[in-house]
file structure_20.csv (CSV, C-alpha atoms)
chain,number,residue,atom,x,y,z
A,1,MET,CA,44.4,-53.6,13.2
A,2,MET,CA,46.3,-52.3,16.2
A,3,HIS,CA,45.2,-53.5,19.6
A,4,ILE,CA,45.0,-50.3,21.7
A,5,ALA,CA,44.6,-49.7,25.4
A,6,THR,CA,43.1,-46.3,26.5
A,7,LEU,CA,43.8,-45.0,30.0
A,8,PHE,CA,40.4,-43.7,31.0
A,9,SER,CA,40.2,-41.1,33.8
A,10,GLY,CA,36.5,-40.2,33.6
A,11,GLY,CA,37.3,-36.7,32.3
A,12,VAL,CA,36.4,-35.1,29.0
A,13,ASP,CA,39.9,-35.5,27.5
A,14,SER,CA,40.1,-39.3,27.8
A,15,SER,CA,36.5,-39.6,26.6
A,16,VAL,CA,37.3,-37.7,23.5
A,17,VAL,CA,40.3,-39.9,22.9
A,18,VAL,CA,38.0,-42.9,22.9
A,19,HIS,CA,35.6,-41.1,20.5
A,20,LEU,CA,38.4,-40.2,18.1
A,21,LEU,CA,39.9,-43.7,18.1
A,22,CYS,CA,36.5,-45.2,17.3
A,23,GLU,CA,36.0,-42.7,14.5
A,24,GLN,CA,39.2,-44.0,13.0
A,25,GLY,CA,38.0,-47.5,13.1
A,26,TYR,CA,39.8,-48.7,16.2
A,27,LYS,CA,38.2,-50.7,19.1
A,28,PRO,CA,40.3,-49.7,22.1
A,29,ASP,CA,39.9,-51.3,25.5
A,30,LEU,CA,39.3,-48.8,28.3
A,31,TRP,CA,41.3,-49.1,31.5
A,32,TYR,CA,40.6,-47.2,34.7
A,33,ILE,CA,43.6,-47.1,37.1
A,34,LYS,CA,42.7,-47.2,40.8
A,35,ILE,CA,45.4,-45.5,42.9
A,36,GLY,CA,43.7,-44.4,46.0
A,37,MET,CA,43.6,-46.3,49.3
A,38,ASP,CA,40.2,-48.0,49.9
A,39,GLN,CA,40.9,-48.6,53.5
A,40,ASP,CA,41.2,-44.9,54.2
A,41,GLU,CA,38.1,-43.1,53.0
A,42,ASP,CA,39.9,-39.7,53.1
A,43,LEU,CA,42.7,-40.8,50.9
A,44,THR,CA,40.9,-42.8,48.3
A,45,CYS,CA,40.6,-41.3,44.8
A,46,THR,CA,38.5,-44.1,43.4
A,47,SER,CA,35.5,-42.3,41.9
A,48,GLU,CA,32.3,-44.1,41.3
A,49,GLU,CA,31.3,-41.3,38.9
A,50,ASP,CA,34.5,-41.8,36.9
A,51,ILE,CA,33.8,-45.5,36.6
A,52,GLU,CA,30.2,-45.1,35.7
A,53,ILE,CA,31.2,-42.7,32.9
A,54,GLY,CA,33.7,-45.2,31.7
A,55,LYS,CA,31.1,-48.0,31.6
A,56,THR,CA,28.7,-45.7,29.8
A,57,ILE,CA,31.3,-44.7,27.2
A,58,ALA,CA,32.3,-48.4,26.7
A,59,LYS,CA,28.7,-49.5,26.2
A,60,ARG,CA,28.0,-46.7,23.8
A,61,TYR,CA,30.9,-47.7,21.5
A,62,GLY,CA,30.8,-51.4,22.2
A,63,LEU,CA,34.1,-51.5,24.0
A,64,HIS,CA,35.6,-53.4,26.9
A,65,PHE,CA,36.0,-51.5,30.2
A,66,ASP,CA,38.1,-52.7,33.1
A,67,ILE,CA,39.7,-51.5,36.3
A,68,ILE,CA,43.3,-52.2,37.4
A,69,ASP,CA,44.2,-51.8,41.0
A,70,LEU,CA,47.6,-50.1,41.4
A,71,GLN,CA,47.0,-48.7,44.8
A,72,GLN,CA,49.9,-50.3,46.6
A,73,GLN,CA,52.3,-49.6,43.8
A,74,TYR,CA,51.3,-45.9,43.8
A,75,TRP,CA,51.8,-45.5,47.5
A,76,ASP,CA,55.0,-47.5,47.6
A,77,ASN,CA,56.5,-45.3,44.9
A,78,VAL,CA,54.8,-42.0,44.2
A,79,VAL,CA,53.6,-41.2,47.7
A,80,ALA,CA,56.8,-42.4,49.4
A,81,TYR,CA,58.8,-40.3,46.9
A,82,THR,CA,56.6,-37.2,47.7
A,83,ILE,CA,56.9,-37.5,51.4
A,84,ASP,CA,60.6,-38.1,51.3
A,85,LYS,CA,61.2,-35.0,49.2
A,86,VAL,CA,59.0,-32.8,51.3
A,87,LYS,CA,60.6,-34.0,54.5
A,88,ARG,CA,64.0,-33.0,53.2
A,89,GLY,CA,62.8,-29.5,52.2
A,90,LEU,CA,62.7,-30.2,48.5
A,91,THR,CA,59.9,-29.6,46.0
A,92,PRO,CA,58.6,-32.9,44.6
A,93,ASN,CA,56.5,-33.4,41.4
A,94,PRO,CA,54.2,-36.4,42.0
A,95,ASP,CA,52.6,-36.1,38.6
A,96,VAL,CA,55.9,-36.7,36.8
A,97,MET,CA,56.6,-39.8,38.9
A,98,CYS,CA,53.1,-41.1,38.5
A,99,ASN,CA,53.4,-41.0,34.7
A,100,LYS,CA,56.8,-42.7,34.8
A,101,LEU,CA,56.2,-45.3,37.4
A,102,ILE,CA,52.5,-46.0,37.4
A,103,LYS,CA,50.6,-45.0,34.2
A,104,PHE,CA,53.4,-46.1,31.9
A,105,GLY,CA,55.4,-48.3,34.3
A,106,CYS,CA,53.3,-50.6,36.4
A,107,PHE,CA,50.4,-50.5,34.0
A,108,GLU,CA,52.6,-51.6,31.1
A,109,LYS,CA,54.2,-54.4,33.2
A,110,GLU,CA,50.8,-55.8,34.4
A,111,VAL,CA,48.5,-55.1,31.5
A,112,GLY,CA,49.9,-52.9,28.8
A,113,TYR,CA,52.3,-55.4,27.3
A,114,ARG,CA,49.3,-57.1,25.7
A,115,TYR,CA,48.6,-54.1,23.5
A,116,ASP,CA,50.3,-52.6,20.5
A,117,LYS,CA,49.8,-49.0,21.7
A,118,THR,CA,48.5,-47.2,24.8
A,119,ALA,CA,46.5,-44.0,24.2
A,120,THR,CA,46.0,-41.3,26.8
A,121,GLY,CA,44.4,-37.8,27.1
A,122,HIS,CA,47.7,-36.0,27.6
A,123,TYR,CA,48.3,-32.9,25.6
A,124,ALA,CA,51.6,-33.9,23.8
A,125,ASN,CA,52.7,-35.2,20.4
A,126,ILE,CA,55.0,-38.0,19.1
A,127,ILE,CA,57.5,-36.7,16.5
A,128,GLU,CA,59.3,-39.1,14.3
A,129,ARG,CA,62.8,-38.0,13.4
A,130,GLU,CA,65.9,-40.0,12.4
A,131,GLY,CA,64.0,-43.2,12.7
A,132,LYS,CA,63.2,-42.5,16.4
A,133,SER,CA,60.2,-41.3,18.3
A,134,TRP,CA,60.6,-38.1,20.2
A,135,LEU,CA,58.3,-36.4,22.7
A,136,GLY,CA,56.8,-33.3,21.0
A,137,THR,CA,55.0,-30.4,22.5
A,138,ALA,CA,51.2,-29.9,22.1
A,139,VAL,CA,49.6,-27.4,19.8
A,140,ASP,CA,47.9,-25.9,22.8
A,141,PRO,CA,50.6,-24.2,24.9
A,142,VAL,CA,48.3,-23.7,27.9
A,143,LYS,CA,47.4,-27.4,28.1
A,144,ASP,CA,50.8,-28.8,27.0
A,145,GLN,CA,51.8,-31.6,29.4
A,146,THR,CA,55.2,-32.6,28.2
A,147,ASP,CA,56.8,-31.3,31.4
A,148,PHE,CA,54.7,-34.0,33.3
A,149,LEU,CA,56.0,-36.7,30.8
A,150,ALA,CA,59.7,-35.7,30.9
A,151,GLN,CA,60.9,-38.7,32.9
A,152,ILE,CA,59.4,-41.4,30.7
A,153,ASP,CA,61.9,-43.5,28.7
A,154,TYR,CA,62.2,-44.4,25.0
A,155,LEU,CA,60.4,-47.7,25.3
A,156,GLN,CA,57.4,-45.9,26.9
A,157,ILE,CA,57.3,-43.1,24.4
A,158,SER,CA,57.6,-45.4,21.4
A,159,LYS,CA,54.4,-47.2,22.5
A,160,LEU,CA,52.2,-44.2,23.4
A,161,MET,CA,49.5,-42.4,21.4
A,162,PHE,CA,48.4,-38.8,22.2
A,163,PRO,CA,45.3,-38.2,20.0
A,164,LEU,CA,44.7,-34.7,21.6
A,165,GLY,CA,48.2,-33.3,20.8
A,166,LYS,CA,47.1,-31.5,17.7
A,167,LEU,CA,44.0,-30.1,19.3
A,168,ARG,CA,43.3,-27.1,21.5
A,169,LYS,CA,41.2,-27.5,24.6
A,170,GLN,CA,38.2,-25.7,23.2
A,171,GLU,CA,38.2,-28.0,20.2
A,172,VAL,CA,38.2,-31.0,22.5
A,173,ARG,CA,35.2,-29.6,24.4
A,174,LYS,CA,33.4,-28.9,21.1
A,175,ILE,CA,34.0,-32.5,19.9
A,176,ALA,CA,32.6,-33.8,23.2
A,177,GLN,CA,29.6,-31.6,23.0
A,178,THR,CA,28.9,-32.4,19.3
A,179,ALA,CA,29.3,-36.2,20.1
A,180,LYS,CA,27.0,-35.7,23.2
A,181,LEU,CA,29.5,-37.4,25.5
A,182,PRO,CA,28.1,-37.8,29.0
A,183,ASN,CA,30.9,-35.6,30.5
A,184,ALA,CA,31.1,-33.0,27.8
A,185,TYR,CA,30.6,-30.2,30.3
A,186,ARG,CA,32.4,-31.7,33.3
A,187,LYS,CA,35.1,-29.6,34.8
A,188,ASP,CA,38.7,-30.6,34.5
A,189,SER,CA,40.3,-32.2,37.5
A,190,GLN,CA,43.2,-30.3,39.2
A,191,GLY,CA,46.4,-31.6,40.7
A,192,ILE,CA,47.4,-35.1,41.7
A,193,CYS,CA,44.9,-37.8,42.4
A,194,PHE,CA,44.8,-38.0,46.1
A,195,LEU,CA,44.3,-34.2,46.3
A,196,GLY,CA,40.9,-34.6,44.8
A,197,LYS,CA,39.6,-35.6,48.3
A,198,ILE,CA,41.6,-33.5,50.8
A,199,ASN,CA,43.7,-30.3,51.0
A,200,TYR,CA,47.4,-30.8,50.2
A,201,ASN,CA,48.5,-29.5,53.6
A,202,GLU,CA,46.1,-31.9,55.4
A,203,PHE,CA,47.7,-34.7,53.4
A,204,ILE,CA,51.2,-33.7,54.4
A,205,LYS,CA,50.1,-33.2,58.0
A,206,ARG,CA,49.0,-36.8,58.2
A,207,PHE,CA,52.6,-37.9,57.6
A,208,LEU,CA,54.8,-35.2,59.0
A,209,GLY,CA,52.6,-33.5,61.6
A,210,GLU,CA,53.1,-29.9,62.6
A,211,LYS,CA,55.9,-27.9,64.1
A,212,ASP,CA,55.6,-24.1,64.5
A,213,GLY,CA,58.4,-22.0,63.4
A,214,PRO,CA,59.1,-18.3,62.5
A,215,ILE,CA,58.4,-16.6,59.2
A,216,VAL,CA,61.2,-14.1,58.7
A,217,GLU,CA,61.5,-11.1,56.3
A,218,TRP,CA,64.7,-11.7,54.3
A,219,GLU,CA,65.8,-8.1,53.9
A,220,THR,CA,65.3,-7.1,57.6
A,221,GLY,CA,65.6,-10.3,59.6
A,222,LYS,CA,62.4,-9.4,61.3
A,223,GLU,CA,60.0,-12.1,62.4
A,224,ILE,CA,56.7,-11.3,60.9
A,225,GLY,CA,54.6,-14.4,61.4
A,226,THR,CA,54.5,-18.1,62.3
A,227,HIS,CA,54.2,-21.2,60.1
A,228,HIS,CA,53.4,-24.8,61.1
A,229,GLY,CA,56.3,-26.6,59.5
A,230,PHE,CA,58.6,-25.8,56.6
A,231,TRP,CA,57.3,-28.9,54.8
A,232,PHE,CA,54.0,-27.1,54.1
A,233,HIS,CA,55.8,-24.5,52.0
A,234,THR,CA,57.7,-24.4,48.7
A,235,ILE,CA,60.2,-21.9,47.2
A,236,GLY,CA,58.3,-19.4,45.1
A,237,GLN,CA,55.1,-19.8,47.0
A,238,ARG,CA,53.0,-16.7,47.4
A,239,LYS,CA,49.6,-17.9,48.7
A,240,GLY,CA,48.7,-19.5,52.0
A,241,LEU,CA,51.3,-17.7,54.2
A,242,GLY,CA,48.7,-15.7,56.2
A,243,LEU,CA,50.6,-12.5,56.1
A,244,SER,CA,49.3,-9.0,55.5
A,245,GLY,CA,50.9,-6.3,53.4
A,246,GLY,CA,51.8,-8.7,50.5
A,247,PRO,CA,52.4,-10.1,48.1
A,248,TRP,CA,55.0,-12.2,50.0
A,249,PHE,CA,57.1,-14.9,48.4
A,250,VAL,CA,58.9,-17.8,50.0
A,251,ILE,CA,62.5,-17.4,48.9
A,252,LYS,CA,64.5,-19.7,51.3
A,253,LYS,CA,64.0,-22.4,53.9
A,254,ASP,CA,66.3,-23.2,56.8
A,255,ILE,CA,65.5,-26.9,57.3
A,256,ASP,CA,67.6,-27.4,60.5
A,257,ARG,CA,66.1,-24.4,62.3
A,258,ASN,CA,62.6,-24.7,60.7
A,259,VAL,CA,62.6,-21.1,59.5
A,260,ILE,CA,60.8,-19.7,56.4
A,261,TYR,CA,62.3,-16.6,54.8
A,262,VAL,CA,60.0,-14.4,52.7
A,263,SER,CA,60.2,-11.2,50.7
A,264,HIS,CA,57.7,-9.0,48.9
A,265,GLY,CA,60.3,-7.4,46.7
A,266,TYR,CA,60.2,-8.2,43.0
A,267,HIS,CA,63.9,-8.2,42.2
A,268,THR,CA,65.6,-9.7,45.2
A,269,GLU,CA,68.7,-11.9,44.6
A,270,LYS,CA,67.0,-14.8,46.4
A,271,GLN,CA,63.6,-14.6,44.7
A,272,TYR,CA,65.0,-14.5,41.1
A,273,GLY,CA,67.9,-16.4,39.6
A,274,THR,CA,69.5,-16.9,36.2
A,275,ASP,CA,71.6,-20.1,36.9
A,276,PHE,CA,70.9,-23.6,38.3
A,277,ILE,CA,72.3,-27.1,38.1
A,278,LEU,CA,70.4,-30.2,36.9
A,279,HIS,CA,71.7,-33.5,38.2
A,280,ASP,CA,70.8,-37.1,37.0
A,281,PHE,CA,69.5,-35.7,33.8
A,282,HIS,CA,67.3,-38.1,31.9
A,283,PHE,CA,67.1,-38.0,28.1
A,284,ILE,CA,63.8,-39.5,26.9
A,285,THR,CA,64.9,-40.7,23.5
A,286,ASP,CA,68.5,-39.7,23.1
A,287,ASP,CA,70.9,-36.8,23.7
A,288,LEU,CA,69.2,-34.2,21.5
A,289,TRP,CA,72.4,-32.1,21.3
A,290,LYS,CA,74.8,-35.1,20.8
A,291,GLY,CA,77.1,-34.1,23.6
A,292,LYS,CA,77.6,-30.5,22.3
A,293,SER,CA,78.2,-27.7,24.8
A,294,PRO,CA,77.3,-24.9,25.1
A,295,VAL,CA,73.9,-25.1,23.2
A,296,ASP,CA,70.9,-22.8,23.1
A,297,ILE,CA,67.8,-24.3,24.7
A,298,THR,CA,64.4,-23.5,26.0
A,299,PHE,CA,63.3,-24.8,29.4
A,300,LYS,CA,60.6,-24.9,32.2
A,301,ILE,CA,61.1,-25.3,35.9
A,302,ARG,CA,57.4,-25.6,36.6
A,303,HIS,CA,54.1,-26.1,34.8
A,304,THR,CA,53.6,-22.9,32.7
A,305,ASP,CA,52.3,-22.0,29.3
A,306,PHE,CA,55.6,-20.4,28.3
A,307,TYR,CA,59.2,-21.4,27.8
A,308,SER,CA,62.3,-19.6,29.2
A,309,VAL,CA,65.3,-19.1,26.9
A,310,GLY,CA,68.7,-20.2,28.0
A,311,THR,CA,72.0,-22.0,27.4
A,312,LEU,CA,73.1,-25.4,28.5
A,313,ASN,CA,76.7,-26.1,29.6
A,314,ARG,CA,77.9,-29.6,30.5
A,315,LEU,CA,80.0,-30.0,33.6
A,316,GLU,CA,82.7,-32.6,34.2
A,317,ASN,CA,80.7,-34.5,36.7
A,318,GLY,CA,77.9,-35.1,34.2
A,319,SER,CA,75.5,-32.4,35.6
A,320,LEU,CA,74.1,-29.7,33.4
A,321,HIS,CA,74.5,-26.0,34.1
A,322,ILE,CA,71.6,-23.9,32.8
A,323,HIS,CA,71.9,-20.2,32.3
A,324,SER,CA,68.7,-18.3,31.7
A,325,GLU,CA,68.6,-15.1,29.5
A,326,LYS,CA,66.2,-13.5,32.0
A,327,PRO,CA,65.8,-14.0,35.7
A,328,VAL,CA,63.3,-16.7,36.6
A,329,GLN,CA,61.3,-16.7,39.9
A,330,GLY,CA,61.3,-19.5,42.4
A,331,ILE,CA,64.1,-21.9,41.4
A,332,ALA,CA,63.5,-24.7,43.9
A,333,PRO,CA,65.7,-27.7,44.7
A,334,GLY,CA,63.9,-30.9,44.0
A,335,GLN,CA,61.9,-29.6,41.1
A,336,PHE,CA,62.4,-31.0,37.7
A,337,GLY,CA,64.0,-28.8,35.2
A,338,VAL,CA,62.6,-29.7,31.8
A,339,LEU,CA,64.7,-29.0,28.7
A,340,TYR,CA,63.5,-28.4,25.1
A,341,ASP,CA,65.1,-27.6,21.8
A,342,GLN,CA,65.5,-24.0,20.7
A,343,ASP,CA,62.1,-23.9,19.1
A,344,ALA,CA,60.3,-25.6,22.0
A,345,ARG,CA,59.1,-28.4,19.7
A,346,ILE,CA,60.9,-31.4,21.2
A,347,CYS,CA,61.1,-32.2,24.9
A,348,ALA,CA,64.6,-33.6,25.5
A,349,GLY,CA,64.0,-34.8,29.1
A,350,SER,CA,64.5,-33.6,32.6
A,351,GLY,CA,66.7,-33.5,35.6
A,352,GLU,CA,66.3,-32.6,39.3
A,353,ILE,CA,67.4,-29.1,40.3
A,354,ALA,CA,70.3,-29.3,42.7
A,355,GLY,CA,70.3,-27.6,46.1
call {"tool": "encode", "arguments": {"input": "structure_20.csv", "output": "structure tokens"}}
result
Amino acid sequence: MMHIATLFSGGVDSSVVVHLLCEQGYKPDLWYIKIGMDQDEDLTCTSEEDIEIGKTIAKRYGLHFDIIDLQQQYWDNVVAYTIDKVKRGLTPNPDVMCNKLIKFGCFEKEVGYRYDKTATGHYANIIEREGKSWLGTAVDPVKDQTDFLAQIDYLQISKLMFPLGKLRKQEVRKIAQTAKLPNAYRKDSQGICFLGKINYNEFIKRFLGEKDGPIVEWETGKEIGTHHGFWFHTIGQRKGLGLSGGPWFVIKKDIDRNVIYVSHGYHTEKQYGTDFILHDFHFITDDLWKGKSPVDITFKIRHTDFYSVGTLNRLENGSLHIHSEKPVQGIAPGQFGVLYDQDARICAGSGEIAG
């Protein structure tokens, strides 16, 4: 029988994963990854409640539960990456890097290598095609998390199990309730781990401080407000600007002058775009299109429940030019552009949107 490690977060999804595996006759070991910083009470995400739920689930099913401390690795990699991108005016995605470097990177190196498979509560699927494992999208489009997994590699994907990929969220909740799991009615967590304790802007402020600058209306050049540092704002943002007469959208940042440009128009040239470049594109399993160009694709530039339709063209320098059939809002340098096949069934991989 396969020896399985289950990454346990304390939430209903990972608990249902454990329940389903046990129903199939497996006896997975439960692992809770600690990635906060214990010496800083405000920035620790170690949850006593999560751990207690893990121990309860393990005892109920007669399983082994353990904690692995990856705090330093998380901060040396994911937090350092986040602060570096924000400082340069780019839009980072810590969840993507956490999956790649911590959950399926450091964990595998330190513990996971002992197991045949690692199971998680991600909403995704593994599709076997041409003798290879491919990252497939989940049945539930609202919960699909392939965009957060689009930087993992083939060795990682070939060892993963996603028991929830063929279920919708309401089905997962129903399973938890029927099985009387202790967290069946617990709310889903939102955002990256260290945001569970503090506001995102407070977190950024700790590292980059504040520096007041003007908020300028793009169409008129008129100063209409003040911000406390361009690093608190992302392209496409519409909340948290403190401006009246909205909605207002951040459409451009002048890093050198610390200026934020906004617009409340819905069809401005800056707010919407149809073309962008992806550099350092990472194919998870293989080049899905075998070097062909142009090819029809679907894609995402942020976590949404829908896919945009477009065309991929390969450039001589190895970058990919993406053309969207319809204008998309908030194309932000630093974000990951995630590409899928034409039917949005297979996630090919991702690359960073160039400035």
call {"tool": "residues_near_point", "arguments": {"input": "structure_20.csv", "point": "(64.3, -9.4, 56.6)", "cutoff": "12 Å", "atoms": "all atoms listed in the file", "output": "PyMOL selection string"}}
result
chain A and resi 214-225+248+250-252+260-265+268+270
call {"tool": "atom_distance", "arguments": {"input": "structure_20.csv", "atom1": "CA of Cys347 in chain A", "atom2": "CA of Phe8 in chain A"}}
result
24.5 Å
call {"tool": "atom_distance", "arguments": {"input": "structure_20.csv", "atom1": "CA of Ile175 in chain A", "atom2": "CA of Asp13 in chain A"}}
result
10.1 Å
call {"tool": "residues_near_point", "arguments": {"input": "structure_20.csv", "point": "(35.8, -57.8, 25.6)", "cutoff": "12 Å", "atoms": "all atoms listed in the file", "output": "list in words"}}
result
His3, Ala5, Lys27, Pro28, Asp29, Leu30, Trp31, Ala58, Lys59, Tyr61, Gly62, Leu63, His64, Phe65 and Asp66 of chain A
call {"tool": "atom_distance", "arguments": {"input": "structure_20.csv", "atom1": "CA of Gly54 in chain A", "atom2": "CA of Arg168 in chain A"}}
result
22.9 Å
call {"tool": "residues_around", "arguments": {"input": "structure_20.csv", "residues": "Pro141 in chain A", "least_positions_apart": "3", "cutoff": "12 Å", "atoms": "only C-alpha atoms", "output": "list in words"}}
result
Tyr123, Ala124, Gly136, Thr137, Ala138, Asp144, Gln145, Thr146, Asp147, Gly165, Lys166, Leu167, Arg168, Lys169, His303, Thr304, Asp305, Phe306, Tyr307, Ala344 and Arg345 of chain A
call {"tool": "closest_residue", "arguments": {"input": "structure_20.csv", "among": "A:Met97, A:Val17, A:Ala354, A:Ile102", "to": "Ala150 in chain A", "atoms": "only C-alpha atoms"}}
result
A:Met97
call {"tool": "closest_atom_pairs", "arguments": {"input": "structure_20.csv", "of": "range 113-137 of chain A", "to": "range 283-295 of chain A", "cutoff": "12 Å", "atoms": "all atoms listed in the file", "output": "Markdown table"}}
result
| residue | atom | partner | partner_atom | distance |
| --- | --- | --- | --- | --- |
| A:Ile126 | CA | A:Thr285 | CA | 11.2 |
| A:Ile127 | CA | A:Thr285 | CA | 10.9 |
| A:Glu128 | CA | A:Thr285 | CA | 10.9 |
| A:Arg129 | CA | A:Thr285 | CA | 10.7 |
| A:Glu130 | CA | A:Asp286 | CA | 11.0 |
| A:Gly131 | CA | A:Thr285 | CA | 11.1 |
| A:Lys132 | CA | A:Thr285 | CA | 7.5 |
| A:Ser133 | CA | A:Thr285 | CA | 7.0 |
| A:Trp134 | CA | A:Thr285 | CA | 6.0 |
| A:Leu135 | CA | A:Ile284 | CA | 7.6 |
| A:Gly136 | CA | A:Ile284 | CA | 11.1 |
call {"tool": "residues_around", "arguments": {"input": "structure_20.csv", "residues": "Tyr74 in chain A", "least_positions_apart": "5", "cutoff": "8 Å", "atoms": "all atoms listed in the file", "output": "JSON, numbers by chain"}}
result
{"A": [35, 79, 98, 102]}
call {"tool": "residues_around", "arguments": {"input": "structure_20.csv", "residues": "Ile53 in chain A", "least_positions_apart": "2", "cutoff": "8 Å", "atoms": "all atoms listed in the file", "output": "list of chain:residue names"}}
result
A:Gly10, A:Glu49, A:Asp50, A:Ile51, A:Lys55, A:Thr56, A:Ile57, A:Pro182, A:Asn183
call {"tool": "closest_residue", "arguments": {"input": "structure_20.csv", "among": "A:Val172, A:Tyr113, A:Asn99, A:Phe232", "to": "Leu20 in chain A", "atoms": "all atoms listed in the file"}}
result
A:Val172
call {"tool": "closest_residue", "arguments": {"input": "structure_20.csv", "among": "A:Gln73, A:Thr120, A:Thr82, A:Thr234", "to": "Thr6 in chain A", "atoms": "only C-alpha atoms"}}
result
A:Thr120
call {"tool": "closest_residue", "arguments": {"input": "structure_20.csv", "among": "A:Ser9, A:Gln271, A:Gln335, A:Thr298", "to": "Lys85 in chain A", "atoms": "only C-alpha atoms"}}
result
A:Gln335
call {"tool": "closest_residue", "arguments": {"input": "structure_20.csv", "among": "A:Glu210, A:His323, A:Ile346, A:His233", "to": "Asn125 in chain A", "atoms": "all atoms listed in the file"}}
result
A:Ile346
